[in-house]
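Visitor: Data file work_14.cif (mmCIF, C-alpha atoms) is appended below.
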data_final
#
loop_
_atom_site.label_atom_id
_atom_site.label_comp_id
_atom_site.auth_asym_id
_atom_site.auth_seq_id
_atom_site.Cartn_x
_atom_site.Cartn_y
_atom_site.Cartn_z
CA MET A 244 5.56 208.18 51.93
CA ASN A 245 2.31 206.65 50.73
CA SER A 246 -0.67 208.43 49.26
CA ASP A 247 -2.60 208.31 52.57
CA PHE A 248 0.02 210.59 54.05
CA TYR A 249 -0.62 213.20 51.37
CA ARG A 250 -4.38 212.87 51.60
CA LYS A 251 -4.21 213.67 55.30
CA LEU A 252 -2.46 216.92 54.45
CA VAL A 253 -4.99 218.15 51.89
CA ASP A 254 -6.83 220.40 54.33
CA LEU A 255 -3.62 222.03 55.50
CA TYR A 256 -2.56 222.46 51.87
CA ALA A 257 -5.88 224.10 51.04
CA ALA A 258 -5.55 226.56 53.91
CA ARG A 259 -1.89 227.27 53.03
CA GLU A 260 -0.80 226.07 56.46
CA LEU A 261 1.96 223.71 55.28
CA THR A 262 5.64 224.54 55.22
CA GLU A 263 7.03 225.47 51.83
CA GLU A 264 8.81 222.11 51.64
CA LEU A 265 5.66 220.08 52.32
CA ASP A 266 3.70 222.29 49.95
CA GLU A 267 6.14 221.45 47.16
CA MET A 268 6.02 217.74 48.05
CA MET A 269 2.23 217.85 47.75
CA ASP A 270 2.44 219.51 44.34
CA ALA A 271 4.94 216.89 43.18
CA GLN A 272 2.75 214.03 44.42
CA ALA A 273 -0.32 215.58 42.77
CA TYR A 274 1.46 215.54 39.40
CA ASN A 275 1.06 211.76 39.25
CA ASP A 276 -2.20 211.49 41.17
CA PRO A 277 -5.06 213.30 39.38
CA GLU A 278 -7.58 212.49 42.11
CA LEU A 279 -5.38 214.00 44.79
CA ALA A 280 -4.67 216.99 42.53
CA ALA A 281 -8.38 217.66 42.02
CA GLU A 282 -9.05 217.50 45.77
CA MET A 283 -6.10 219.75 46.62
CA HIS A 284 -6.82 222.41 44.06
CA SER A 285 -10.58 222.56 44.39
CA LEU A 286 -10.34 222.95 48.16
CA ARG A 287 -7.61 225.56 47.90
CA ASP A 288 -9.71 227.48 45.36
CA THR A 289 -12.61 227.40 47.83
CA VAL A 290 -10.53 228.73 50.72
CA ASP A 291 -8.95 231.39 48.50
CA LEU A 292 -12.39 232.46 47.30
CA LEU A 293 -13.68 232.79 50.85
CA ARG A 294 -10.66 234.74 52.03
CA ALA A 295 -10.89 237.06 49.02
CA GLN A 296 -14.45 238.07 49.82
CA PRO A 297 -14.66 241.84 50.24
CA PRO A 298 -14.92 243.00 53.85
CA VAL A 299 -18.33 244.00 55.14
CA GLU A 300 -18.62 247.77 54.96
CA TYR A 301 -19.18 249.38 58.34
CA THR A 302 -20.45 252.75 57.20
CA GLU A 303 -21.07 255.92 59.18
CA GLU A 304 -24.78 255.47 58.49
CA THR A 305 -24.69 251.98 59.98
CA HIS A 306 -22.80 253.27 63.02
CA GLN A 307 -25.39 256.02 63.55
CA ARG A 308 -28.38 253.73 62.98
CA ILE A 309 -27.12 251.25 65.59
CA LEU A 310 -26.61 254.08 68.06
CA MET A 311 -30.13 255.35 67.37
CA LYS A 312 -31.52 251.88 68.05
CA LEU A 313 -29.66 251.83 71.37
CA TYR A 314 -30.94 255.29 72.34
CA ALA A 315 -34.48 254.32 71.31
CA ARG A 316 -34.37 251.38 73.72
CA GLY A 317 -33.25 253.55 76.62
CA ALA A 318 -29.48 253.00 76.53
CA GLN A 319 -27.27 256.07 76.87
CA PRO A 320 -23.93 255.05 75.34
CA GLU A 321 -21.39 257.84 75.47
CA MET A 322 -18.86 257.85 72.66
CA THR A 323 -15.29 258.76 73.52
CA ALA A 324 -14.66 259.71 69.87
CA PRO A 325 -17.23 261.57 67.79
CA GLU A 326 -17.20 258.70 65.30
CA PRO A 327 -14.92 255.74 64.49
CA ALA A 328 -11.46 256.95 63.43
CA HIS A 329 -11.66 255.39 59.97
CA LEU A 330 -14.84 257.33 59.28
CA GLN A 331 -13.41 260.71 60.24
CA TYR A 332 -11.24 261.25 57.18
CA HIS A 333 -12.23 260.87 53.58
CA LEU A 334 -9.98 260.72 50.57
CA PRO A 335 -10.76 263.31 47.89
CA ILE A 336 -11.95 260.61 45.49
CA GLN A 337 -14.54 259.37 47.97
CA SER A 338 -17.95 260.91 47.59
CA MET B 110 0.20 243.94 68.69
CA PRO B 111 0.63 242.79 72.30
CA ASN B 112 0.67 246.40 73.56
CA ASP B 113 -2.59 247.16 71.80
CA ASP B 114 -4.10 243.97 73.19
CA MET B 115 -3.06 244.95 76.71
CA GLN B 116 -4.50 248.44 76.31
CA ASP B 117 -7.73 247.00 74.92
CA SER B 118 -7.92 244.59 77.82
CA LEU B 119 -7.42 247.40 80.35
CA ALA B 120 -10.00 249.58 78.62
CA GLU B 121 -12.45 246.67 78.54
CA LYS B 122 -11.99 246.13 82.29
CA ARG B 123 -12.52 249.83 82.92
CA TRP B 124 -15.74 249.96 80.87
CA LEU B 125 -17.12 246.78 82.43
CA ALA B 126 -16.35 248.03 85.95
CA SER B 127 -18.12 251.32 85.18
CA LEU B 128 -21.14 249.47 83.81
CA ALA B 129 -21.27 247.25 86.89
CA ARG B 130 -21.33 250.40 89.06
CA GLY B 131 -24.42 251.51 87.16
CA ASP B 132 -22.77 253.96 84.75
CA SER B 133 -24.70 253.09 81.58
CA THR B 134 -22.73 255.61 79.49
CA ALA B 135 -19.80 253.15 79.63
CA LEU B 136 -21.67 251.07 77.05
CA GLY B 137 -20.32 253.54 74.48
CA GLY B 138 -16.75 252.50 75.18
CA LEU B 139 -17.56 248.83 74.70
CA TYR B 140 -19.49 249.64 71.55
CA GLU B 141 -16.49 251.52 70.18
CA MET B 142 -14.28 248.51 70.93
CA TYR B 143 -16.48 245.76 69.54
CA GLY B 144 -19.38 247.30 67.61
CA GLU B 145 -17.78 247.04 64.19
CA ARG B 146 -16.62 243.44 64.67
CA ILE B 147 -20.02 242.37 65.95
CA PHE B 148 -21.72 244.10 63.03
CA ARG B 149 -19.42 242.42 60.49
CA TYR B 150 -20.06 239.04 62.07
CA THR B 151 -23.85 239.46 62.19
CA TYR B 152 -23.86 240.74 58.60
CA ARG B 153 -21.99 237.63 57.44
CA MET B 154 -24.43 235.43 59.32
CA LEU B 155 -27.63 237.20 58.29
CA GLY B 156 -26.72 238.53 54.86
CA ASN B 157 -28.43 241.88 55.11
CA ARG B 158 -27.59 245.20 56.72
CA THR B 159 -30.87 245.99 58.43
CA ASP B 160 -31.03 242.74 60.34
CA ALA B 161 -27.32 242.93 61.16
CA GLU B 162 -27.81 246.44 62.61
CA ASP B 163 -30.75 245.19 64.70
CA ALA B 164 -28.76 242.21 65.96
CA THR B 165 -25.76 244.41 66.79
CA ALA B 166 -27.88 246.87 68.76
CA GLU B 167 -29.63 244.02 70.57
CA THR B 168 -26.28 242.45 71.46
CA PHE B 169 -25.19 245.63 73.24
CA LEU B 170 -28.57 246.00 74.94
CA ARG B 171 -27.97 242.52 76.40
CA VAL B 172 -24.64 243.79 77.72
CA LEU B 173 -26.49 246.58 79.51
CA LYS B 174 -29.09 244.18 80.87
CA ARG B 175 -26.44 241.82 82.23
CA SER B 176 -23.98 244.52 83.28
CA ALA B 177 -24.05 243.54 86.96
CA GLU B 178 -23.04 239.95 86.16
CA LEU B 179 -20.29 240.53 83.60
CA ARG B 180 -16.76 239.79 84.70
CA ALA B 181 -13.72 241.48 83.22
CA ASP B 182 -11.74 238.25 83.08
CA GLY B 183 -11.04 237.98 79.38
CA ALA B 184 -14.16 235.98 78.63
CA PHE B 185 -16.24 239.04 77.77
CA ARG B 186 -15.43 239.08 74.06
CA THR B 187 -16.29 235.39 73.70
CA TRP B 188 -19.54 235.96 75.58
CA LEU B 189 -20.37 238.97 73.37
CA PHE B 190 -19.93 236.99 70.13
CA ARG B 191 -21.95 234.13 71.59
CA ILE B 192 -24.82 236.51 72.33
CA ALA B 193 -24.61 237.90 68.78
CA ARG B 194 -24.61 234.36 67.38
CA ASN B 195 -27.69 233.36 69.36
CA LEU B 196 -29.50 236.48 68.17
CA CYS B 197 -28.59 235.65 64.57
CA ILE B 198 -29.93 232.12 64.97
CA ASP B 199 -33.17 233.49 66.42
CA LYS B 200 -33.54 235.92 63.52
CA LEU B 201 -32.87 233.21 60.95
CA ARG B 202 -35.52 231.05 62.57
CA GLN B 203 -38.08 233.83 62.92
CA HIS B 204 -37.85 235.42 59.50
CA LYS B 205 -36.53 232.54 57.42
CA LEU B 206 -33.95 234.94 56.08
CA LEU B 207 -32.35 232.20 54.07
CA GLU B 208 -35.14 232.61 51.55
CA LEU B 209 -34.67 236.37 51.19
CA PRO B 210 -32.32 237.93 48.66
CA MET B 211 -28.98 239.03 50.01
CA ASP B 212 -27.89 242.67 49.96
CA ALA B 213 -26.23 243.82 46.78
CA VAL B 214 -22.89 245.57 47.11
CA THR B 215 -23.04 249.15 45.95
CA GLY B 216 -20.13 250.34 43.88
CA ALA B 217 -18.81 246.87 43.09
CA SER B 218 -18.71 245.52 39.56
CA GLU B 219 -21.62 243.36 38.51
CA GLU B 220 -19.40 240.28 38.28
CA ARG B 221 -17.98 240.75 41.77
CA THR B 222 -21.43 241.42 43.18
CA THR B 223 -22.76 238.24 41.59
CA LEU B 224 -19.82 236.28 42.97
CA ARG B 225 -20.30 237.69 46.44
CA ILE B 226 -24.00 236.89 46.45
CA THR B 227 -23.29 233.39 45.13
CA VAL B 228 -20.83 232.77 47.96
CA GLN B 229 -23.19 234.28 50.56
CA GLN B 230 -26.05 232.14 49.32
CA ALA B 231 -23.92 228.99 49.35
CA LEU B 232 -22.80 229.80 52.90
CA ALA B 233 -26.38 230.44 53.96
CA ASP B 234 -27.35 227.01 52.60
CA LEU B 235 -24.80 225.25 54.81
CA PRO B 236 -25.80 223.80 58.18
CA MET B 237 -24.99 226.18 61.04
CA GLU B 238 -22.28 223.86 62.37
CA TYR B 239 -20.30 224.41 59.14
CA ARG B 240 -21.25 228.01 58.50
CA ASP B 241 -20.06 229.26 61.89
CA PRO B 242 -16.42 228.14 61.58
CA LEU B 243 -16.18 229.37 57.98
CA VAL B 244 -17.53 232.82 58.86
CA LEU B 245 -15.39 233.17 61.97
CA CYS B 246 -12.10 231.71 60.73
CA ASP B 247 -12.03 232.17 56.94
CA LEU B 248 -14.07 235.35 56.53
CA GLU B 249 -13.44 237.23 59.77
CA ASP B 250 -9.97 235.81 60.45
CA MET B 251 -10.67 234.90 64.07
CA PRO B 252 -8.00 232.66 65.66
CA ALA B 253 -9.08 229.01 65.98
CA ARG B 254 -8.80 228.98 69.77
CA GLU B 255 -11.09 232.01 70.14
CA ALA B 256 -13.63 230.65 67.65
CA ALA B 257 -13.63 227.29 69.46
CA GLU B 258 -14.27 229.02 72.80
CA MET B 259 -17.10 231.00 71.31
CA LEU B 260 -18.73 227.89 69.87
CA LYS B 261 -18.07 225.93 73.10
CA ILE B 262 -16.18 223.18 71.27
CA SER B 263 -12.57 221.98 71.30
CA VAL B 264 -10.01 223.28 68.79
CA PRO B 265 -9.76 219.87 67.03
CA ALA B 266 -13.57 219.79 66.74
CA LEU B 267 -13.51 223.30 65.27
CA LYS B 268 -10.85 222.28 62.73
CA SER B 269 -12.85 219.23 61.79
CA ARG B 270 -15.98 221.34 61.18
CA LEU B 271 -13.90 223.86 59.24
CA TYR B 272 -12.56 221.14 56.93
CA ARG B 273 -15.96 219.54 56.41
CA GLY B 274 -17.50 222.98 55.88
CA ARG B 275 -14.97 223.86 53.20
CA ARG B 276 -15.74 220.63 51.36
CA ALA B 277 -19.47 221.23 51.61
CA LEU B 278 -19.05 224.78 50.34
CA ARG B 279 -16.86 223.60 47.47
CA ASP B 280 -19.49 221.08 46.46
CA LYS B 281 -22.15 223.81 46.45
CA LEU B 282 -20.00 226.25 44.50
CA GLY B 283 -18.23 223.87 42.16
CA GLY B 284 -19.17 224.30 38.55
CA THR B 285 -20.90 227.63 39.03
CA ILE B 286 -17.86 229.81 39.62
CA GLY B 287 -15.06 227.79 38.10
CA ILE B 288 -13.60 226.07 41.12
CA SER B 289 -11.16 223.57 39.65
CA ARG B 290 -12.08 219.96 40.05
#
Hey, can you dump this file as structure tokens for me?
Guide:
Amino acid sequence: MNSDFYRKLVDLYAARELTEELDEMMDAQAYNDPELAAEMHSLRDTVDLLRAQPPVEYTEETHQRILMKLYARGAQPEMTAPEPAHLQYHLPIQS
Amino acid sequence: MPNDDMQDSLAEKRWLASLARGDSTALGGLYEMYGERIFRYTYRMLGNRTDAEDATAETFLRVLKRSAELRADGAFRTWLFRIARNLCIDKLRQHKLLELPMDAVTGASEERTTLRITVQQALADLPMEYRDPLVLCDLEDMPAREAAEMLKISVPALKSRLYRGRRALRDKLGGTIGISR
């Protein structure tokens, strides 16, 4: 397989969407192709960095403030639960 | 899980039918189903909590306003995210939020906070056509088909924007946070 074949797979490599076999073939090809290696690894680092970003915190205060905004504009949303399930219980170490 | 999806779909139909009959309290059920996801999405797009809370509330007010027209045919979630997206674009235009500092993360280490702000700022600097797919697919883990529907583009077009967006983001971040190149 020529180098064009591997270059077409860089995006899938970066997103970890290749099979294990193809992933290993890419790594092997990159060993002798520094340009391909740089592209593969820098893109994979970027995707990994994005996916490792901490989740946005949806706090009880945020939940209540959004509800207040809805009430203030005349909406009357009725909650089936007093508050979202993940906000009902707190571990002892949480303040 | 498929069972959860089916239950969610049934609940969504029930809430939408109640809203269409004029029962405005049903908005609460829809808010419980989608409020957190909409907030997370708007926060990623806008970069600060206050504006994300405003945009989330406004999204659900639009649901109420359009309650007579909404169909429970599976397209509701896509429509909801599209409304939230349009509101985010309006806010970005109105307040030029890109020039404002992003929220700091309380409780996180200084290094992680700096990294998060750096990534947020780099994302905010990208054109909307790249930022959208990255936020939806890489940050919020939305399936490609759903993200494509929301953005009214084909799946191959979404993938293409995703790939170009990742390259653009890499070029903005490279060198500042040690991305190998």
Visitor: Centre and edge lengths, as JSON, for the axis-aligned box enclosing every listed atom of region 287-306 of chain A with 6 Å of padding on each of the six sides, in Å to one decimal?
Guide:
{"center_x": -16.2, "center_y": 240.7, "center_z": 54.2, "size_x": 29.2, "size_y": 42.4, "size_z": 29.7}
Visitor: The PyMOL selection byres ((chain A) within 7 of (chain B)) - which residues does that actually catch in the file I just gave you? List them as a PyMOL selection string.
Guide: chain A and resi 254+281-282+284-286+288-289+293-294+296+299+301+305+309+312-313+318-323
Visitor: Can you measure CA of Tyr274 (chain A) to CA of Ala258 (chain A) for me? One decimal in Å is fine.
Guide: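 That distance, rounded to one decimal, is 19.5 Å.
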Visitor: My list of candidates is B:Leu128, B:Arg123, B:Gln230, B:Ile192. Which is closest to Asn157 (chain B) when distances are computed with all atoms listed in the file?
Guide: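 Residue with the minimum atom-to-atom distance to Asn157 (chain B): B:Gln230.
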Visitor: For this file, the PyMOL selection byres ((chain B and resi 188) around 12) selects which residues, as a PyMOL selection string?
Guide: chain B and resi 143+147+168-169+171-172+175+178-187+189-195+255-256+258-261
Visitor: With C-alpha atoms retained, could you export that selection as an mmCIF file, keeping the file's coordinate frame?
Guide:
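Contents of again.cif, as written:
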data_model
loop_
_atom_site.group_PDB
_atom_site.id
_atom_site.type_symbol
_atom_site.label_atom_id
_atom_site.label_comp_id
_atom_site.auth_asym_id
_atom_site.auth_seq_id
_atom_site.Cartn_x
_atom_site.Cartn_y
_atom_site.Cartn_z
ATOM 1 C CA TYR B 143 -16.480 245.760 69.540
ATOM 2 C CA ILE B 147 -20.020 242.370 65.950
ATOM 3 C CA THR B 168 -26.280 242.450 71.460
ATOM 4 C CA PHE B 169 -25.190 245.630 73.240
ATOM 5 C CA ARG B 171 -27.970 242.520 76.400
ATOM 6 C CA VAL B 172 -24.640 243.790 77.720
ATOM 7 C CA ARG B 175 -26.440 241.820 82.230
ATOM 8 C CA GLU B 178 -23.040 239.950 86.160
ATOM 9 C CA LEU B 179 -20.290 240.530 83.600
ATOM 10 C CA ARG B 180 -16.760 239.790 84.700
ATOM 11 C CA ALA B 181 -13.720 241.480 83.220
ATOM 12 C CA ASP B 182 -11.740 238.250 83.080
ATOM 13 C CA GLY B 183 -11.040 237.980 79.380
ATOM 14 C CA ALA B 184 -14.160 235.980 78.630
ATOM 15 C CA PHE B 185 -16.240 239.040 77.770
ATOM 16 C CA ARG B 186 -15.430 239.080 74.060
ATOM 17 C CA THR B 187 -16.290 235.390 73.700
ATOM 18 C CA LEU B 189 -20.370 238.970 73.370
ATOM 19 C CA PHE B 190 -19.930 236.990 70.130
ATOM 20 C CA ARG B 191 -21.950 234.130 71.590
ATOM 21 C CA ILE B 192 -24.820 236.510 72.330
ATOM 22 C CA ALA B 193 -24.610 237.900 68.780
ATOM 23 C CA ARG B 194 -24.610 234.360 67.380
ATOM 24 C CA ASN B 195 -27.690 233.360 69.360
ATOM 25 C CA GLU B 255 -11.090 232.010 70.140
ATOM 26 C CA ALA B 256 -13.630 230.650 67.650
ATOM 27 C CA GLU B 258 -14.270 229.020 72.800
ATOM 28 C CA MET B 259 -17.100 231.000 71.310
ATOM 29 C CA LEU B 260 -18.730 227.890 69.870
ATOM 30 C CA LYS B 261 -18.070 225.930 73.100
#
Visitor: So the first atom is CA of Glu278 (chain A) and the second is CA of Arg250 (chain A); what is the distance between them in Å, to one decimal place?
Guide: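 Computing it gives 10.0 Å between the two atoms.
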Visitor: Rounded to one decimal, what separation in Å do you get between CA of Leu310 (chain A) and CA of Asp160 (chain B)?
Guide: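 One can read the CA of Leu310 (chain A) to CA of Asp160 (chain B) distance as 14.4 Å.
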Visitor: Quick one: everything within 12 Å of region 259-262 of chain A, counting only C-alpha atoms, minus sequence neighbours fewer than 2 positions away in the same chain. Send it as a list of chain:residue names.
Guide: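 Near region 259-262 of chain A, the qualifying residues are A:Tyr249, A:Lys251, A:Leu252, A:Val253, A:Asp254, A:Leu255, A:Tyr256, A:Ala257, A:Glu264, A:Leu265, A:Asp266, A:Glu267, A:Met268, A:Met269, A:Asp270, A:Met283, A:His284, A:Leu286, A:Arg287, A:Asp288, A:Thr289, A:Val290, A:Asp291, A:Arg294, B:Asp247.
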Visitor: Kindly reconstruct region 264-288 of chain B with N, CA and C atoms and present the result as a PDB file, in the coordinates of the input.
Guide:
ATOM      1  N   VAL B 264     -10.678 222.827  70.015  1.00  0.00           N
ATOM      2  CA  VAL B 264     -10.010 223.280  68.790  1.00  0.00           C
ATOM      3  C   VAL B 264     -10.010 222.174  67.721  1.00  0.00           C
ATOM      4  N   PRO B 265      -9.694 220.907  68.072  1.00  0.00           N
ATOM      5  CA  PRO B 265      -9.760 219.870  67.030  1.00  0.00           C
ATOM      6  C   PRO B 265     -11.169 219.730  66.432  1.00  0.00           C
ATOM      7  N   ALA B 266     -12.196 219.885  67.268  1.00  0.00           N
ATOM      8  CA  ALA B 266     -13.570 219.790  66.740  1.00  0.00           C
ATOM      9  C   ALA B 266     -13.844 220.955  65.781  1.00  0.00           C
ATOM     10  N   LEU B 267     -13.333 222.135  66.148  1.00  0.00           N
ATOM     11  CA  LEU B 267     -13.510 223.300  65.270  1.00  0.00           C
ATOM     12  C   LEU B 267     -12.838 223.047  63.918  1.00  0.00           C
ATOM     13  N   LYS B 268     -11.598 222.539  63.976  1.00  0.00           N
ATOM     14  CA  LYS B 268     -10.850 222.280  62.730  1.00  0.00           C
ATOM     15  C   LYS B 268     -11.589 221.259  61.868  1.00  0.00           C
ATOM     16  N   SER B 269     -12.127 220.260  62.520  1.00  0.00           N
ATOM     17  CA  SER B 269     -12.850 219.230  61.790  1.00  0.00           C
ATOM     18  C   SER B 269     -14.075 219.833  61.073  1.00  0.00           C
ATOM     19  N   ARG B 270     -14.804 220.695  61.799  1.00  0.00           N
ATOM     20  CA  ARG B 270     -15.980 221.340  61.180  1.00  0.00           C
ATOM     21  C   ARG B 270     -15.558 222.278  60.047  1.00  0.00           C
ATOM     22  N   LEU B 271     -14.419 222.937  60.266  1.00  0.00           N
ATOM     23  CA  LEU B 271     -13.900 223.860  59.240  1.00  0.00           C
ATOM     24  C   LEU B 271     -13.592 223.076  57.960  1.00  0.00           C
ATOM     25  N   TYR B 272     -12.922 221.931  58.111  1.00  0.00           N
ATOM     26  CA  TYR B 272     -12.560 221.140  56.930  1.00  0.00           C
ATOM     27  C   TYR B 272     -13.803 220.610  56.232  1.00  0.00           C
ATOM     28  N   ARG B 273     -14.750 220.092  57.041  1.00  0.00           N
ATOM     29  CA  ARG B 273     -15.960 219.540  56.410  1.00  0.00           C
ATOM     30  C   ARG B 273     -16.782 220.661  55.768  1.00  0.00           C
ATOM     31  N   GLY B 274     -16.772 221.835  56.426  1.00  0.00           N
ATOM     32  CA  GLY B 274     -17.500 222.980  55.880  1.00  0.00           C
ATOM     33  C   GLY B 274     -16.927 223.441  54.553  1.00  0.00           C
ATOM     34  N   ARG B 275     -15.596 223.437  54.452  1.00  0.00           N
ATOM     35  CA  ARG B 275     -14.970 223.860  53.200  1.00  0.00           C
ATOM     36  C   ARG B 275     -15.324 222.896  52.065  1.00  0.00           C
ATOM     37  N   ARG B 276     -15.366 221.615  52.388  1.00  0.00           N
ATOM     38  CA  ARG B 276     -15.740 220.630  51.360  1.00  0.00           C
ATOM     39  C   ARG B 276     -17.200 220.820  50.930  1.00  0.00           C
ATOM     40  N   ALA B 277     -18.053 221.048  51.929  1.00  0.00           N
ATOM     41  CA  ALA B 277     -19.470 221.230  51.610  1.00  0.00           C
ATOM     42  C   ALA B 277     -19.671 222.490  50.761  1.00  0.00           C
ATOM     43  N   LEU B 278     -18.931 223.536  51.108  1.00  0.00           N
ATOM     44  CA  LEU B 278     -19.050 224.780  50.340  1.00  0.00           C
ATOM     45  C   LEU B 278     -18.530 224.575  48.908  1.00  0.00           C
ATOM     46  N   ARG B 279     -17.406 223.878  48.805  1.00  0.00           N
ATOM     47  CA  ARG B 279     -16.860 223.600  47.470  1.00  0.00           C
ATOM     48  C   ARG B 279     -17.882 222.853  46.626  1.00  0.00           C
ATOM     49  N   ASP B 280     -18.526 221.877  47.221  1.00  0.00           N
ATOM     50  CA  ASP B 280     -19.490 221.080  46.460  1.00  0.00           C
ATOM     51  C   ASP B 280     -20.677 221.935  46.014  1.00  0.00           C
ATOM     52  N   LYS B 281     -21.041 222.935  46.837  1.00  0.00           N
ATOM     53  CA  LYS B 281     -22.150 223.810  46.450  1.00  0.00           C
ATOM     54  C   LYS B 281     -21.722 224.789  45.358  1.00  0.00           C
ATOM     55  N   LEU B 282     -20.458 225.237  45.436  1.00  0.00           N
ATOM     56  CA  LEU B 282     -20.000 226.250  44.500  1.00  0.00           C
ATOM     57  C   LEU B 282     -19.426 225.665  43.210  1.00  0.00           C
ATOM     58  N   GLY B 283     -18.908 224.470  43.299  1.00  0.00           N
ATOM     59  CA  GLY B 283     -18.230 223.870  42.160  1.00  0.00           C
ATOM     60  C   GLY B 283     -19.081 223.900  40.904  1.00  0.00           C
ATOM     61  N   GLY B 284     -18.441 224.288  39.811  1.00  0.00           N
ATOM     62  CA  GLY B 284     -19.170 224.300  38.550  1.00  0.00           C
ATOM     63  C   GLY B 284     -19.837 225.622  38.251  1.00  0.00           C
ATOM     64  N   THR B 285     -20.231 226.356  39.306  1.00  0.00           N
ATOM     65  CA  THR B 285     -20.900 227.630  39.030  1.00  0.00           C
ATOM     66  C   THR B 285     -19.906 228.783  38.937  1.00  0.00           C
ATOM     67  N   ILE B 286     -18.801 228.687  39.655  1.00  0.00           N
ATOM     68  CA  ILE B 286     -17.860 229.810  39.620  1.00  0.00           C
ATOM     69  C   ILE B 286     -16.441 229.355  39.282  1.00  0.00           C
ATOM     70  N   GLY B 287     -16.355 228.211  38.639  1.00  0.00           N
ATOM     71  CA  GLY B 287     -15.060 227.790  38.100  1.00  0.00           C
ATOM     72  C   GLY B 287     -14.066 227.273  39.098  1.00  0.00           C
ATOM     73  N   ILE B 288     -14.543 226.706  40.215  1.00  0.00           N
ATOM     74  CA  ILE B 288     -13.600 226.070  41.120  1.00  0.00           C
ATOM     75  C   ILE B 288     -13.071 224.817  40.430  1.00  0.00           C
TER      76      ILE B 288
END
